[in-house]
Every structure is written in C-alpha cells, then in structure tokens.
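**Q** You'll find final_21.txt just under this line, and it carries compact mmCIF, C-alpha atoms and all ligand atoms.
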```txt
# COMPACT_ATOMS: atom_id res chain seq x y z
CA MET A 108 -24.93 -22.49 -12.92
CA SER A 109 -23.40 -25.88 -12.21
CA PHE A 110 -20.22 -24.75 -10.43
CA GLU A 111 -20.41 -24.60 -6.64
CA PRO A 112 -17.38 -23.28 -4.78
CA THR A 113 -15.76 -25.83 -2.47
CA ARG A 114 -14.28 -23.05 -0.33
CA PRO A 115 -15.35 -19.49 0.48
CA ILE A 116 -13.92 -17.04 -2.04
CA PRO A 117 -12.42 -13.98 -0.31
CA TYR A 118 -11.46 -10.75 -2.07
CA GLY A 119 -7.79 -11.51 -1.52
CA ARG A 120 -5.66 -14.23 -0.02
CA GLN A 121 -2.07 -15.34 0.36
CA ASN A 122 -0.43 -18.07 -1.67
CA ILE A 123 1.83 -20.24 0.48
CA THR A 124 3.64 -23.09 -1.26
CA GLU A 125 5.64 -26.04 0.08
CA THR A 126 8.77 -24.15 -1.01
CA ASP A 127 7.73 -21.27 1.24
CA VAL A 128 7.18 -23.67 4.14
CA ALA A 129 10.61 -25.23 3.58
CA ALA A 130 12.22 -21.77 3.51
CA VAL A 131 10.63 -20.83 6.85
CA THR A 132 11.53 -24.19 8.39
CA ALA A 133 15.16 -23.73 7.36
CA ALA A 134 15.13 -20.21 8.84
CA LEU A 135 13.78 -21.58 12.14
CA HIS A 136 16.73 -23.99 12.31
CA ALA A 137 19.26 -21.24 11.59
CA ASP A 138 21.35 -19.38 14.18
CA TYR A 139 19.32 -16.19 14.18
CA LEU A 140 15.56 -15.97 14.61
CA THR A 141 15.84 -12.20 14.40
CA GLN A 142 18.57 -9.65 13.48
CA GLY A 143 20.33 -12.26 11.36
CA PRO A 144 21.55 -12.24 7.77
CA THR A 145 18.18 -13.08 6.14
CA VAL A 146 16.94 -9.56 6.85
CA ALA A 147 19.63 -7.89 4.77
CA GLU A 148 19.23 -10.51 2.05
CA PHE A 149 15.49 -9.82 1.83
CA GLU A 150 16.17 -6.07 1.73
CA LYS A 151 18.72 -6.51 -1.05
CA GLN A 152 16.46 -8.72 -3.19
CA PHE A 153 13.42 -6.53 -2.61
CA ALA A 154 15.32 -3.38 -3.60
CA ALA A 155 16.49 -5.18 -6.75
CA TYR A 156 12.92 -6.18 -7.59
CA ILE A 157 11.53 -2.68 -7.03
CA GLY A 158 14.50 -0.91 -8.58
CA SER A 159 15.47 1.22 -5.58
CA LYS A 160 18.97 1.66 -4.14
CA TYR A 161 18.03 0.85 -0.56
CA ALA A 162 15.37 -1.06 1.35
CA VAL A 163 14.66 -1.34 5.09
CA ALA A 164 12.52 -4.24 6.36
CA VAL A 165 10.15 -3.39 9.22
CA SER A 166 7.45 -5.10 11.26
CA ASN A 167 4.50 -3.92 9.13
CA GLY A 168 3.40 -1.29 6.64
CA THR A 169 2.12 1.01 9.37
CA ALA A 170 5.50 0.93 11.14
CA ALA A 171 7.07 1.71 7.75
CA LEU A 172 4.87 4.81 7.46
CA HIS A 173 5.65 5.87 11.03
CA LEU A 174 9.41 5.59 10.48
CA CYS A 175 9.12 7.55 7.23
CA ALA A 176 7.31 10.37 9.01
CA LEU A 177 10.00 10.36 11.72
CA ALA A 178 12.86 10.27 9.22
CA LEU A 179 11.32 13.24 7.39
CA ASN A 180 11.06 14.99 10.74
CA VAL A 181 7.31 15.58 10.80
CA GLN A 182 6.70 18.02 13.65
CA PRO A 183 3.59 18.91 15.66
CA GLY A 184 1.41 21.25 13.65
CA GLN A 185 3.03 20.51 10.29
CA ARG A 186 0.52 19.93 7.50
CA VAL A 187 0.66 16.95 5.17
CA ILE A 188 -1.64 16.15 2.24
CA THR A 189 -2.93 12.67 1.41
CA THR A 190 -5.89 11.04 -0.28
CA PRO A 191 -9.17 10.32 1.53
CA LEU A 192 -9.38 7.06 -0.42
CA THR A 193 -6.89 4.89 1.43
CA PHE A 194 -6.37 2.77 4.50
CA SER A 195 -6.25 5.01 7.58
CA ALA A 196 -2.58 4.16 8.21
CA SER A 197 -1.52 6.39 5.28
CA ALA A 198 -2.83 9.37 7.26
CA ASN A 199 -2.19 8.11 10.79
CA CYS A 200 1.60 8.28 10.44
CA VAL A 201 1.32 12.08 10.33
CA ARG A 202 -0.78 12.05 13.50
CA TYR A 203 1.79 9.83 15.32
CA CYS A 204 4.18 12.77 14.97
CA GLY A 205 1.59 15.38 15.91
CA GLY A 206 1.16 16.64 12.35
CA GLU A 207 -2.10 17.73 10.72
CA VAL A 208 -3.63 15.63 7.97
CA HIS A 209 -5.17 17.40 4.98
CA PHE A 210 -6.79 15.77 2.00
CA ALA A 211 -7.25 16.37 -1.72
CA ASP A 212 -10.15 14.62 -3.43
CA ILE A 213 -9.76 11.78 -5.93
CA ASP A 214 -9.98 11.56 -9.68
CA PRO A 215 -13.08 9.35 -9.97
CA ALA A 216 -11.77 7.73 -13.18
CA THR A 217 -8.73 6.27 -11.39
CA GLY A 218 -9.40 6.42 -7.66
CA LEU A 219 -6.06 8.20 -7.27
CA ILE A 220 -5.47 11.54 -5.57
CA ASP A 221 -6.16 14.28 -8.13
CA LEU A 222 -2.91 16.20 -8.51
CA GLN A 223 -4.81 19.18 -9.97
CA LYS A 224 -6.71 19.39 -6.71
CA VAL A 225 -3.44 19.08 -4.78
CA ARG A 226 -2.09 22.00 -6.81
CA ALA A 227 -5.20 24.08 -6.12
CA LEU A 228 -4.86 23.36 -2.40
CA LEU A 229 -1.16 24.30 -2.43
CA GLU A 230 -1.81 27.48 -4.39
CA ALA A 231 -4.51 28.56 -1.95
CA HIS A 232 -1.93 28.87 0.83
CA PRO A 233 1.47 30.51 1.24
CA LYS A 234 4.49 28.37 0.41
CA GLY A 235 5.60 26.43 3.46
CA TYR A 236 2.05 25.94 4.70
CA PHE A 237 2.22 22.25 3.73
CA THR A 238 5.36 20.16 4.24
CA GLY A 239 4.61 16.81 2.65
CA LEU A 240 2.53 14.71 0.30
CA ILE A 241 1.54 11.05 0.73
CA PRO A 242 0.11 9.72 -2.55
CA VAL A 243 -1.23 6.16 -2.63
CA ASP A 244 -1.00 3.77 -5.60
CA PHE A 245 -4.62 2.86 -5.00
CA ALA A 246 -5.72 -0.68 -5.93
CA GLY A 247 -2.33 -1.14 -7.65
CA LEU A 248 -2.56 1.75 -10.12
CA ALA A 249 0.57 3.90 -9.98
CA VAL A 250 0.33 7.60 -9.22
CA ASN A 251 2.25 9.69 -11.78
CA LEU A 252 5.08 10.59 -9.42
CA GLU A 253 6.90 12.64 -12.02
CA HIS A 254 4.00 15.09 -11.89
CA ALA A 255 3.83 14.81 -8.11
CA ARG A 256 7.56 15.57 -7.89
CA GLN A 257 7.21 18.70 -10.00
CA LEU A 258 4.55 19.88 -7.60
CA ALA A 259 6.64 18.89 -4.58
CA ASP A 260 9.69 20.76 -5.89
CA GLU A 261 7.62 23.83 -6.62
CA PHE A 262 6.14 23.89 -3.10
CA ASP A 263 9.03 22.40 -1.06
CA LEU A 264 7.31 19.16 -0.10
CA TRP A 265 8.70 15.74 0.62
CA ILE A 266 6.88 12.69 -0.82
CA ILE A 267 6.13 9.36 0.85
CA GLU A 268 4.69 7.00 -1.76
CA ASP A 269 2.31 4.51 -0.14
CA ALA A 270 2.93 1.65 -2.58
CA CYS A 271 1.33 -1.09 -0.44
CA HIS A 272 -1.00 -1.99 -3.32
CA ALA A 273 1.53 -1.84 -6.08
CA PRO A 274 4.74 -3.88 -5.96
CA GLY A 275 5.56 -4.43 -9.64
CA GLY A 276 3.23 -1.64 -10.79
CA PHE A 277 4.55 1.25 -12.85
CA PHE A 278 3.67 4.47 -14.66
CA THR A 279 5.26 5.72 -17.87
CA ASP A 280 7.16 8.99 -17.48
CA SER A 281 7.48 11.87 -19.97
CA GLN A 282 10.55 10.20 -21.51
CA GLY A 283 8.58 7.02 -22.18
CA GLN A 284 10.38 5.15 -19.38
CA GLU A 285 8.51 2.76 -17.13
CA GLN A 286 8.90 3.90 -13.54
CA ARG A 287 8.27 1.17 -11.02
CA CYS A 288 6.31 1.95 -7.87
CA GLY A 289 8.70 2.52 -4.99
CA ASN A 290 11.83 2.84 -7.16
CA GLY A 291 12.80 6.06 -5.40
CA ASN A 292 13.32 8.13 -8.56
CA PHE A 293 10.66 10.67 -7.56
CA ALA A 294 9.45 9.98 -4.02
CA ASP A 295 11.78 10.52 -1.07
CA LEU A 296 10.54 7.32 0.53
CA ALA A 297 8.11 4.56 -0.43
CA ILE A 298 6.47 1.91 1.71
CA PHE A 299 5.10 -1.59 1.21
CA SER A 300 3.14 -4.04 3.36
CA PHE A 301 3.47 -7.81 3.55
CA HIS A 302 0.10 -8.44 5.15
CA PRO A 303 -1.43 -11.66 3.75
CA VAL A 304 -3.83 -9.85 1.39
CA LYS A 305 -0.97 -7.97 -0.28
CA HIS A 306 1.15 -9.29 -3.19
CA ILE A 307 3.96 -10.61 -1.01
CA ALA A 308 3.10 -12.09 2.38
CA THR A 309 5.30 -12.48 5.45
CA GLY A 310 2.50 -12.75 8.04
CA GLU A 311 3.01 -9.21 9.21
CA GLY A 312 5.76 -7.21 7.60
CA GLY A 313 6.67 -4.11 5.69
CA MET A 314 9.43 -2.42 3.71
CA ILE A 315 10.66 1.10 3.09
CA THR A 316 12.51 1.83 -0.14
CA THR A 317 14.58 4.91 -0.97
CA ASN A 318 17.46 6.16 -3.07
CA SER A 319 18.71 8.43 -0.29
CA GLU A 320 21.70 7.01 1.58
CA GLN A 321 21.15 9.48 4.41
CA LEU A 322 17.50 8.52 4.94
CA PHE A 323 18.46 4.86 4.66
CA HIS A 324 20.96 5.11 7.52
CA HIS A 325 18.56 7.12 9.62
CA LEU A 326 15.79 4.54 9.09
CA LEU A 327 18.08 1.69 10.17
CA ARG A 328 18.73 3.51 13.44
CA LEU A 329 15.08 4.44 14.02
CA ARG A 330 14.05 0.80 13.43
CA THR A 331 16.22 -0.31 16.37
CA HIS A 332 15.50 2.09 19.26
CA GLY A 333 17.63 4.88 17.79
CA ILE A 334 20.69 2.79 18.60
CA THR A 335 23.87 2.65 16.53
CA ARG A 336 27.04 0.56 16.83
CA ASP A 337 28.60 1.87 13.65
CA PRO A 338 32.07 3.25 14.62
CA ALA A 339 31.67 5.98 11.98
CA ASP A 340 28.53 7.31 13.70
CA LEU A 341 29.55 7.17 17.36
CA GLN A 342 29.59 10.44 19.29
CA ARG A 343 31.86 9.18 22.08
CA GLU A 344 34.94 7.00 22.48
CA PRO A 345 33.88 3.34 23.04
CA ASP A 346 34.86 1.99 26.50
CA GLY A 347 34.62 -1.64 25.38
CA GLY A 348 33.54 -4.07 22.70
CA TRP A 349 29.91 -3.92 23.87
CA TYR A 350 29.68 -0.20 23.30
CA MET A 351 26.69 1.27 21.49
CA GLU A 352 24.83 4.55 21.60
CA MET A 353 21.15 5.38 21.71
CA GLN A 354 21.29 8.68 19.87
CA GLU A 355 17.63 9.46 19.42
CA LEU A 356 14.24 8.09 20.33
CA GLY A 357 13.57 5.10 18.09
CA TYR A 358 11.43 1.99 18.18
CA ASN A 359 11.64 -1.77 17.86
CA TYR A 360 10.13 -2.14 14.40
CA ARG A 361 12.29 -5.06 13.26
CA LEU A 362 11.13 -7.92 11.05
CA PRO A 363 12.32 -11.39 12.23
CA ASP A 364 14.51 -13.56 10.00
CA PHE A 365 11.92 -16.27 9.46
CA ASN A 366 9.44 -13.69 8.17
CA CYS A 367 12.15 -12.44 5.83
CA ALA A 368 12.80 -16.01 4.69
CA LEU A 369 9.11 -16.26 3.76
CA GLY A 370 9.34 -12.90 2.00
CA LEU A 371 12.40 -14.00 0.02
CA SER A 372 10.64 -17.17 -1.06
CA GLN A 373 7.50 -15.25 -2.00
CA LEU A 374 9.56 -12.71 -3.92
CA THR A 375 10.76 -15.40 -6.32
CA ARG A 376 7.12 -15.78 -7.45
CA ALA A 377 6.20 -12.08 -7.43
CA ASP A 378 6.25 -11.73 -11.23
CA GLU A 379 4.23 -14.89 -11.65
CA GLY A 380 1.61 -13.65 -9.18
CA LEU A 381 1.49 -10.25 -10.86
CA ALA A 382 1.03 -11.82 -14.29
CA ARG A 383 -1.89 -13.89 -12.99
CA ARG A 384 -3.48 -10.82 -11.37
CA ARG A 385 -3.27 -8.98 -14.71
CA GLN A 386 -4.73 -11.98 -16.52
CA LEU A 387 -7.64 -12.15 -14.08
CA ALA A 388 -8.19 -8.40 -14.48
CA ALA A 389 -8.33 -8.72 -18.26
CA ARG A 390 -10.90 -11.51 -17.90
CA TYR A 391 -13.02 -9.38 -15.56
CA ASP A 392 -12.67 -6.35 -17.86
CA ALA A 393 -13.92 -8.42 -20.79
CA ALA A 394 -16.74 -10.00 -18.78
CA PHE A 395 -18.07 -6.69 -17.44
CA ALA A 396 -17.55 -4.61 -20.60
CA GLN A 397 -21.05 -5.41 -21.84
CA VAL A 398 -22.80 -5.44 -18.48
CA PRO A 399 -24.97 -2.38 -17.91
CA GLY A 400 -24.90 -1.27 -14.31
CA VAL A 401 -21.30 -2.27 -13.65
CA THR A 402 -18.56 0.37 -13.82
CA VAL A 403 -15.01 -0.92 -13.71
CA LEU A 404 -12.37 1.30 -12.12
CA ALA A 405 -9.53 2.09 -14.59
CA PRO A 406 -10.09 -0.83 -16.98
CA GLY A 407 -7.03 -2.02 -18.91
CA ALA A 408 -4.68 0.53 -17.33
CA PRO A 409 -1.08 -0.33 -18.26
CA GLY A 410 1.24 -0.94 -15.31
CA HIS A 411 -1.65 -1.74 -12.97
CA ALA A 412 -0.55 -4.19 -10.26
CA TYR A 413 -4.12 -5.19 -9.29
CA HIS A 414 -3.98 -5.55 -5.55
CA LEU A 415 -7.73 -4.95 -5.86
CA TYR A 416 -10.25 -5.33 -8.63
CA VAL A 417 -12.95 -2.73 -8.01
CA ILE A 418 -16.38 -2.52 -9.57
CA GLN A 419 -18.96 0.18 -8.91
CA VAL A 420 -22.70 -0.57 -8.83
CA ALA A 421 -25.83 1.30 -7.78
CA GLN A 422 -26.90 -1.21 -5.15
CA ARG A 423 -23.58 -1.93 -3.55
CA ARG A 424 -24.87 -2.92 -0.12
CA GLU A 425 -27.32 -5.42 -1.62
CA LEU A 426 -24.68 -6.86 -3.94
CA TYR A 427 -22.26 -7.31 -1.04
CA ASP A 428 -24.95 -9.22 0.91
CA PHE A 429 -26.01 -11.25 -2.13
CA LEU A 430 -22.44 -12.35 -2.88
CA LYS A 431 -22.03 -13.39 0.74
CA THR A 432 -24.94 -15.84 0.36
CA LYS A 433 -23.00 -17.24 -2.61
CA GLN A 434 -19.85 -17.79 -0.51
CA ILE A 435 -18.14 -14.80 -2.12
CA PHE A 436 -16.65 -12.42 0.43
CA ALA A 437 -16.23 -9.10 -1.33
CA GLN A 438 -14.89 -6.06 0.53
CA VAL A 439 -15.16 -2.30 0.45
CA HIS A 440 -12.00 -0.20 -0.05
CA TYR A 441 -12.31 2.25 1.54
CA ILE A 442 -14.56 4.14 3.88
CA PRO A 443 -12.95 7.55 3.21
CA VAL A 444 -10.44 8.40 5.93
CA HIS A 445 -12.00 11.81 6.66
CA ARG A 446 -15.32 10.06 7.46
CA MET A 447 -13.78 8.00 10.26
CA PRO A 448 -15.01 9.16 13.68
CA TYR A 449 -11.42 9.90 14.71
CA TYR A 450 -10.83 12.21 11.75
CA GLU A 451 -14.27 13.77 12.20
CA SER A 452 -13.21 14.56 15.75
CA LEU A 453 -10.40 16.57 14.17
CA GLY A 454 -12.88 18.64 12.18
CA TRP A 455 -13.47 16.82 8.89
CA ARG A 456 -17.05 16.39 7.74
CA GLU A 457 -19.27 14.54 5.32
CA GLY A 458 -19.29 16.48 2.06
CA ASP A 459 -15.65 17.64 2.36
CA PHE A 460 -14.49 15.26 -0.39
CA PRO A 461 -17.61 14.42 -2.40
CA LEU A 462 -15.89 12.40 -5.13
CA ALA A 463 -14.31 10.00 -2.64
CA GLU A 464 -17.66 9.79 -0.84
CA THR A 465 -19.59 8.99 -4.03
CA TYR A 466 -16.97 6.42 -4.95
CA TYR A 467 -17.33 4.85 -1.50
CA ALA A 468 -21.11 4.62 -1.89
CA HIS A 469 -20.76 2.32 -4.92
CA CYS A 470 -17.44 0.49 -4.77
CA LEU A 471 -16.90 -3.19 -4.20
CA SER A 472 -13.63 -5.13 -4.36
CA ILE A 473 -14.35 -8.54 -5.85
CA PRO A 474 -12.02 -11.55 -5.61
CA MET A 475 -8.53 -10.87 -6.98
CA PHE A 476 -5.63 -13.12 -5.99
CA PRO A 477 -3.23 -15.31 -7.97
CA THR A 478 -4.69 -18.67 -6.92
CA LEU A 479 -8.25 -17.69 -7.90
CA THR A 480 -9.14 -20.23 -10.60
CA ASP A 481 -10.82 -19.37 -13.91
CA GLU A 482 -13.78 -21.44 -12.77
CA GLU A 483 -14.11 -19.53 -9.50
CA GLN A 484 -13.77 -16.24 -11.34
CA ASP A 485 -16.47 -17.21 -13.86
CA TYR A 486 -18.68 -18.06 -10.90
CA VAL A 487 -18.06 -14.61 -9.37
CA VAL A 488 -18.98 -12.95 -12.67
CA ALA A 489 -22.09 -15.12 -13.02
CA CYS A 490 -23.21 -14.21 -9.49
CA VAL A 491 -22.75 -10.47 -10.15
CA LYS A 492 -24.79 -10.87 -13.35
CA GLU A 493 -27.42 -12.90 -11.53
CA PHE A 494 -27.76 -10.09 -9.01
CA LEU A 495 -28.17 -7.56 -11.80
CA ARG A 496 -30.48 -10.00 -13.64
CA VAL A 497 -28.42 -9.84 -16.78
CA GLU A 498 -29.01 -12.70 -19.21
CA PHE A 499 -25.95 -14.82 -19.95
C1 LIG B 501 -2.07 -2.54 4.03
C2 LIG B 501 -1.89 -1.09 3.92
C3 LIG B 501 -1.19 -0.33 4.86
C4 LIG B 501 -0.73 -0.85 6.19
O1 LIG B 501 0.02 -2.01 6.13
P1 LIG B 501 0.07 -2.98 7.41
O2 LIG B 501 1.20 -3.91 7.05
O3 LIG B 501 -1.25 -3.67 7.50
O4 LIG B 501 0.38 -2.16 8.61
C5 LIG B 501 -0.98 1.02 4.61
N1 LIG B 501 -1.47 1.60 3.50
C6 LIG B 501 -2.16 0.91 2.58
C7 LIG B 501 -2.66 1.62 1.35
C8 LIG B 501 -2.41 -0.45 2.76
O5 LIG B 501 -3.13 -1.12 1.86
```
Starting from the file, give its structure as structure tokens.

**A**
Amino acid sequence: MSFEPTRPIPYGRQNITETDVAAVTAALHADYLTQGPTVAEFEKQFAAYIGSKYAVAVSNGTAALHLCALALNVQPGQRVITTPLTFSASANCVRYCGGEVHFADIDPATGLIDLQKVRALLEAHPKGYFTGLIPVDFAGLAVNLEHARQLADEFDLWIIEDACHAPGGFFTDSQGQEQRCGNGNFADLAIFSFHPVKHIATGEGGMITTNSEQLFHHLLRLRTHGITRDPADLQREPDGGWYMEMQELGYNYRLPDFNCALGLSQLTRADEGLARRRQLAARYDAAFAQVPGVTVLAPGAPGHAYHLYVIQVAQRRELYDFLKTKQIFAQVHYIPVHRMPYYESLGWREGDFPLAETYYAHCLSIPMFPTLTDEEQDYVVACVKEFLRVEF
C-alpha cells in the first residue's frame, strides 16, 4: 500500500468553501446578527429543498425535537414509541416533557424501526395507551412513512420524523411517488440537524419542517419564549407600539442570521454532496461485495442519503482500534438508547431489544463525507481488508 493519508480520516466532516466563508462574512456585516431576514430566507429555501410547506430554524436538532414534543403537547406520563438505534436526543425530547419512552426493536436488514414490531406493541395495549411515534431515518435510509401513517391513524398517534440523517433521502410510496424525508406528507413534524457531521452544516443548528400551518405558528412562538407580536394573535388591546404578549412558556431556541447564511450557502451544494455520498457508497458496496466477514447495512438501497456508511464485522472493537492506528477514525452508531445508564435507571435492561443490541455489537461507521477522495476511500477499504487478511 503506497498511499499514506496526509490528514486523519474521520467518519464524517463538514465541507466549508470560500463561498461559504464569504456568505458568513457578508452576514456579519449586515444589520442583524440574529432575528434578521436571513432566518426566514433559510427556512424558505430549506422547505423548498425538502418539499414541505413550512420550516422553522432552531438552535440545534435537539431543540427541534424538544419544540416538536411541546407543540404536540406531550404530557407527563404519556407514552411515545421510538427506536433504540438512534442518538439519545430522539428519545430525550419525550423525557423533557415528562413523557415515557418506549421502544420497538429494529429490522436488522435496514437498521430502521420495525413497523411490524410497532404494530405488535400497539395491539398489545388498549387504544390511547401510546400517543406518538418517533421514527428515525437511520444512517440516511428513509422509513416508509406511508406505512407508519397508516399505523398512526389506526392508533391515534402523532409522528415526529427524526430526519437528521436524511436530507435529500426518500422512499417510494404505494403510488410509485418518491417521498422526500421531512416533506410533511405523512409525519406531523420532521426535524433536521446542522451539526458539522450532518449533510448541511451551520456550526450548531436545526430545522423543523411541517405542512401544518397551525403547528408552524405554534413553533414560531415556542422558539421565542412563547412571545407573539402578531396583531391577529393578541389576547389584549395593545397599549403602545412596543406591545407583545408572552402567552405560554417557550424558550430561546433561535438560530442566528450568520448561521443561517452558512446554511443557505451550504444548501446550494446539498445535491452535489448527496450525489458524492451515493457515489462513495456505491464504491464501498462494490469493494465489500466479495469480502467475507463484512456485512454492509442496506447495500444499494434507493433513496438512501448516506449520512453514515455502516459495515458489520465480527471483531468490531479490534477493527476500530486497528483503523485508528492507520489514521482512520471510525465511529459506532449507536450504543442502543435503552442501554444508556439513564434509560436503565428508568427500567430498561440488556436483552430488551436483542436485534439492536446484536447490531451494536458489530457495527462500525467508516468514513463517509463528500470531500473524501477516491484515494482515501481506497485506503480505507485496503485497511479493512488488511485487518481481515483478505488478499487484494
Ligand atoms: C444529530 C442528531 C440529533 C441531534 O442533533 P443536534 O443538532 O446535535 O442537537 C438528533 N437525532 C439524530 C438521529 C441525530 O443524528
């Protein structure tokens, strides 16, 4: 192997161009650092990209989840179902509102929540026992939300789609139509993150998308302390031009204008980045197809947005360490949420969701980001093969 990496190769990284830098610089010279016009512009462009009617920019993906749970009025004791195979934030938003988190195990072929298991869970309890469902487009593979919606309608659930991994991803519905992640056709609300490892980076940042005008207006108010200035919404007669009302308990979950300027600039390259991710995935799929000992999660799935590229191997811990010595910083997504000490303190145990646990024992996310070069990728593949002692 002649190629030596000149920089460490992480599992994911942002792509900041000079155009992005110029966009942020211009935003810093503008009149508003926060609460200015760039926020609404970013929301408008993002909604257009995703295909939703409305979008609300917020300070991060976790804040997006929290506001969704508030807007859907999650109450103490209410039960919500999500997947154990996700970042803890997908579940935590229920806890912020005092709700109870329940899980349904994954389909090991896709890593997605198994909707058959969700159905079994729902059917095992009286209607009304559960109030919501939070499916996650894990690794960038879209959950079939048409099926999830049928289930939700049958059992009176709302749906928050955690689409952090999947801007630009889609599934094909029963009519043969491509349904983009977060487009609001099936889920009540969807959320995205603009953390640097995600497709679109704003430093920290997040977005909620929806097709519900009512939820949209409520989210705008919750994002800013529960305050409104809209004359149509006021409960009392204004006593001056300064007048505003805090009508409910909200938060400051705003995203500053210069972050939005970065997001807008990044958004113009979103399709390009997605195309490169899919190209890299196809190259990995081809490279690992003949390698015994490597299982690829959902190879060649159409509509996959490839936030992550996940392989499964017997000796995951050793491979992780080996790659590190080669300057390759792989990552594990995820330690199942129910195995976190906090969730164990709420009563969940090892063995509760065996498929997610088995997946966790073997999974490794290897480098996947648009600026990964072919040469670097070939090096990653060669190192995995070297570890497995496969001739090449
Ligand atoms: C990144 C991520 C979040 C949280 O987003 P932040 O912007 O980091 O708060 C939530 N859910 C999933 C699946 C994520 O990947």

**Q** Report as a count of residues only which protein, DNA and RNA residues come within 8 Å of ligand LIG 501 (chain B), using all atoms listed in the file.

**A** 28

**Q** Just give me the gap between CA of Asp127 (chain A) and CA of Met314 (chain A) in Å, one decimal is fine.

**A**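 Distance between the two atoms: 19.1 Å.
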
**Q** Could you pull the residues within 8 Å of region 390-406 of chain A, counting all atoms listed in the file, minus those fewer than 3 positions along the same chain, as number ranges by chain?

**A** A: 216-218, 386-387, 416-421, 488, 492, 495, 497

**Q** With C-alpha atoms retained, write the just-selected residues as a PDB file, in the frame of the given file.

**A**
```pdb
ATOM      1  CA  ALA A 216     -11.770   7.730 -13.180  1.00  0.00           C
ATOM      2  CA  THR A 217      -8.730   6.270 -11.390  1.00  0.00           C
ATOM      3  CA  GLY A 218      -9.400   6.420  -7.660  1.00  0.00           C
ATOM      4  CA  GLN A 386      -4.730 -11.980 -16.520  1.00  0.00           C
ATOM      5  CA  LEU A 387      -7.640 -12.150 -14.080  1.00  0.00           C
ATOM      6  CA  TYR A 416     -10.250  -5.330  -8.630  1.00  0.00           C
ATOM      7  CA  VAL A 417     -12.950  -2.730  -8.010  1.00  0.00           C
ATOM      8  CA  ILE A 418     -16.380  -2.520  -9.570  1.00  0.00           C
ATOM      9  CA  GLN A 419     -18.960   0.180  -8.910  1.00  0.00           C
ATOM     10  CA  VAL A 420     -22.700  -0.570  -8.830  1.00  0.00           C
ATOM     11  CA  ALA A 421     -25.830   1.300  -7.780  1.00  0.00           C
ATOM     12  CA  VAL A 488     -18.980 -12.950 -12.670  1.00  0.00           C
ATOM     13  CA  LYS A 492     -24.790 -10.870 -13.350  1.00  0.00           C
ATOM     14  CA  LEU A 495     -28.170  -7.560 -11.800  1.00  0.00           C
ATOM     15  CA  VAL A 497     -28.420  -9.840 -16.780  1.00  0.00           C
TER      16      VAL A 497
END
```

**Q** Which of these, A:Ile220, A:Leu179, A:Leu296, A:Cys367, has the shortest distance to Phe460 (chain A) once you count only C-alpha atoms?

**A**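 Smallest separation from Phe460 (chain A) among the options: A:Ile220.
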
**Q** Env of Gly119 (chain A): 10 Å cut, atoms = only C-alpha atoms, seq-sep filter 5 positions within chain, self excluded. Answer as a ChimeraX atom specification.

**A** /A:303-306,414-416,436-438,472-479

**Q** For the selection you just gave me, I'd like the residues written to a file as a compact mmCIF listing (two decimals), keeping the file's coordinate frame, keeping C-alpha atoms.

**A**
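Listing of selection.txt after writing:
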```txt
# COMPACT_ATOMS: atom_id res chain seq x y z
CA PRO A 303 -1.43 -11.66 3.75
CA VAL A 304 -3.83 -9.85 1.39
CA LYS A 305 -0.97 -7.97 -0.28
CA HIS A 306 1.15 -9.29 -3.19
CA HIS A 414 -3.98 -5.55 -5.55
CA LEU A 415 -7.73 -4.95 -5.86
CA TYR A 416 -10.25 -5.33 -8.63
CA PHE A 436 -16.65 -12.42 0.43
CA ALA A 437 -16.23 -9.10 -1.33
CA GLN A 438 -14.89 -6.06 0.53
CA SER A 472 -13.63 -5.13 -4.36
CA ILE A 473 -14.35 -8.54 -5.85
CA PRO A 474 -12.02 -11.55 -5.61
CA MET A 475 -8.53 -10.87 -6.98
CA PHE A 476 -5.63 -13.12 -5.99
CA PRO A 477 -3.23 -15.31 -7.97
CA THR A 478 -4.69 -18.67 -6.92
CA LEU A 479 -8.25 -17.69 -7.90
```

**Q** Give the answer as one residue: which of A:Phe262, A:Arg496, A:Leu430, A:Ala162 has the shortest atom-to-atom distance to Pro233 (chain A), using all atoms listed in the file?

**A**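 The shortest atom-to-atom distance to Pro233 (chain A) comes from A:Phe262.
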
**Q** For a test of reading the model, state the distance in Å between CA of Leu222 (chain A) and CA of Ala255 (chain A), rounded to one decimal.

**A**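 Between CA of Leu222 (chain A) and CA of Ala255 (chain A) the gap works out to 6.9 Å.
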
**Q** Please rebuild region 398-411 of chain A with N, CA and C atoms and give the result as an mmCIF file, keeping the file's coordinate frame.

**A**
```
data_model
loop_
_atom_site.group_PDB
_atom_site.id
_atom_site.type_symbol
_atom_site.label_atom_id
_atom_site.label_comp_id
_atom_site.auth_asym_id
_atom_site.auth_seq_id
_atom_site.Cartn_x
_atom_site.Cartn_y
_atom_site.Cartn_z
ATOM 1 N N VAL A 398 -21.777 -5.317 -19.519
ATOM 2 C CA VAL A 398 -22.800 -5.440 -18.480
ATOM 3 C C VAL A 398 -23.258 -4.059 -18.021
ATOM 4 N N PRO A 399 -24.496 -3.676 -18.376
ATOM 5 C CA PRO A 399 -24.970 -2.380 -17.910
ATOM 6 C C PRO A 399 -25.110 -2.404 -16.390
ATOM 7 N N GLY A 400 -24.774 -1.322 -15.767
ATOM 8 C CA GLY A 400 -24.900 -1.270 -14.310
ATOM 9 C C GLY A 400 -23.623 -1.576 -13.562
ATOM 10 N N VAL A 401 -22.587 -2.028 -14.303
ATOM 11 C CA VAL A 401 -21.300 -2.270 -13.650
ATOM 12 C C VAL A 401 -20.268 -1.306 -14.232
ATOM 13 N N THR A 402 -19.657 -0.492 -13.382
ATOM 14 C CA THR A 402 -18.560 0.370 -13.820
ATOM 15 C C THR A 402 -17.272 -0.198 -13.247
ATOM 16 N N VAL A 403 -16.304 -0.388 -14.128
ATOM 17 C CA VAL A 403 -15.010 -0.920 -13.710
ATOM 18 C C VAL A 403 -14.061 0.251 -13.499
ATOM 19 N N LEU A 404 -13.322 0.220 -12.387
ATOM 20 C CA LEU A 404 -12.370 1.300 -12.120
ATOM 21 C C LEU A 404 -11.113 1.086 -12.976
ATOM 22 N N ALA A 405 -10.763 2.082 -13.784
ATOM 23 C CA ALA A 405 -9.530 2.090 -14.590
ATOM 24 C C ALA A 405 -9.309 0.802 -15.375
ATOM 25 N N PRO A 406 -10.260 0.426 -16.249
ATOM 26 C CA PRO A 406 -10.090 -0.830 -16.980
ATOM 27 C C PRO A 406 -8.881 -0.773 -17.919
ATOM 28 N N GLY A 407 -8.141 -1.878 -17.953
ATOM 29 C CA GLY A 407 -7.030 -2.020 -18.910
ATOM 30 C C GLY A 407 -5.877 -1.055 -18.710
ATOM 31 N N ALA A 408 -5.761 -0.434 -17.544
ATOM 32 C CA ALA A 408 -4.680 0.530 -17.330
ATOM 33 C C ALA A 408 -3.322 -0.181 -17.375
ATOM 34 N N PRO A 409 -2.391 0.309 -18.208
ATOM 35 C CA PRO A 409 -1.080 -0.330 -18.260
ATOM 36 C C PRO A 409 -0.325 -0.097 -16.942
ATOM 37 N N GLY A 410 0.454 -1.086 -16.532
ATOM 38 C CA GLY A 410 1.240 -0.940 -15.310
ATOM 39 C C GLY A 410 0.476 -1.174 -14.029
ATOM 40 N N HIS A 411 -0.817 -1.495 -14.163
ATOM 41 C CA HIS A 411 -1.650 -1.740 -12.970
ATOM 42 C C HIS A 411 -1.180 -3.038 -12.292
#
```
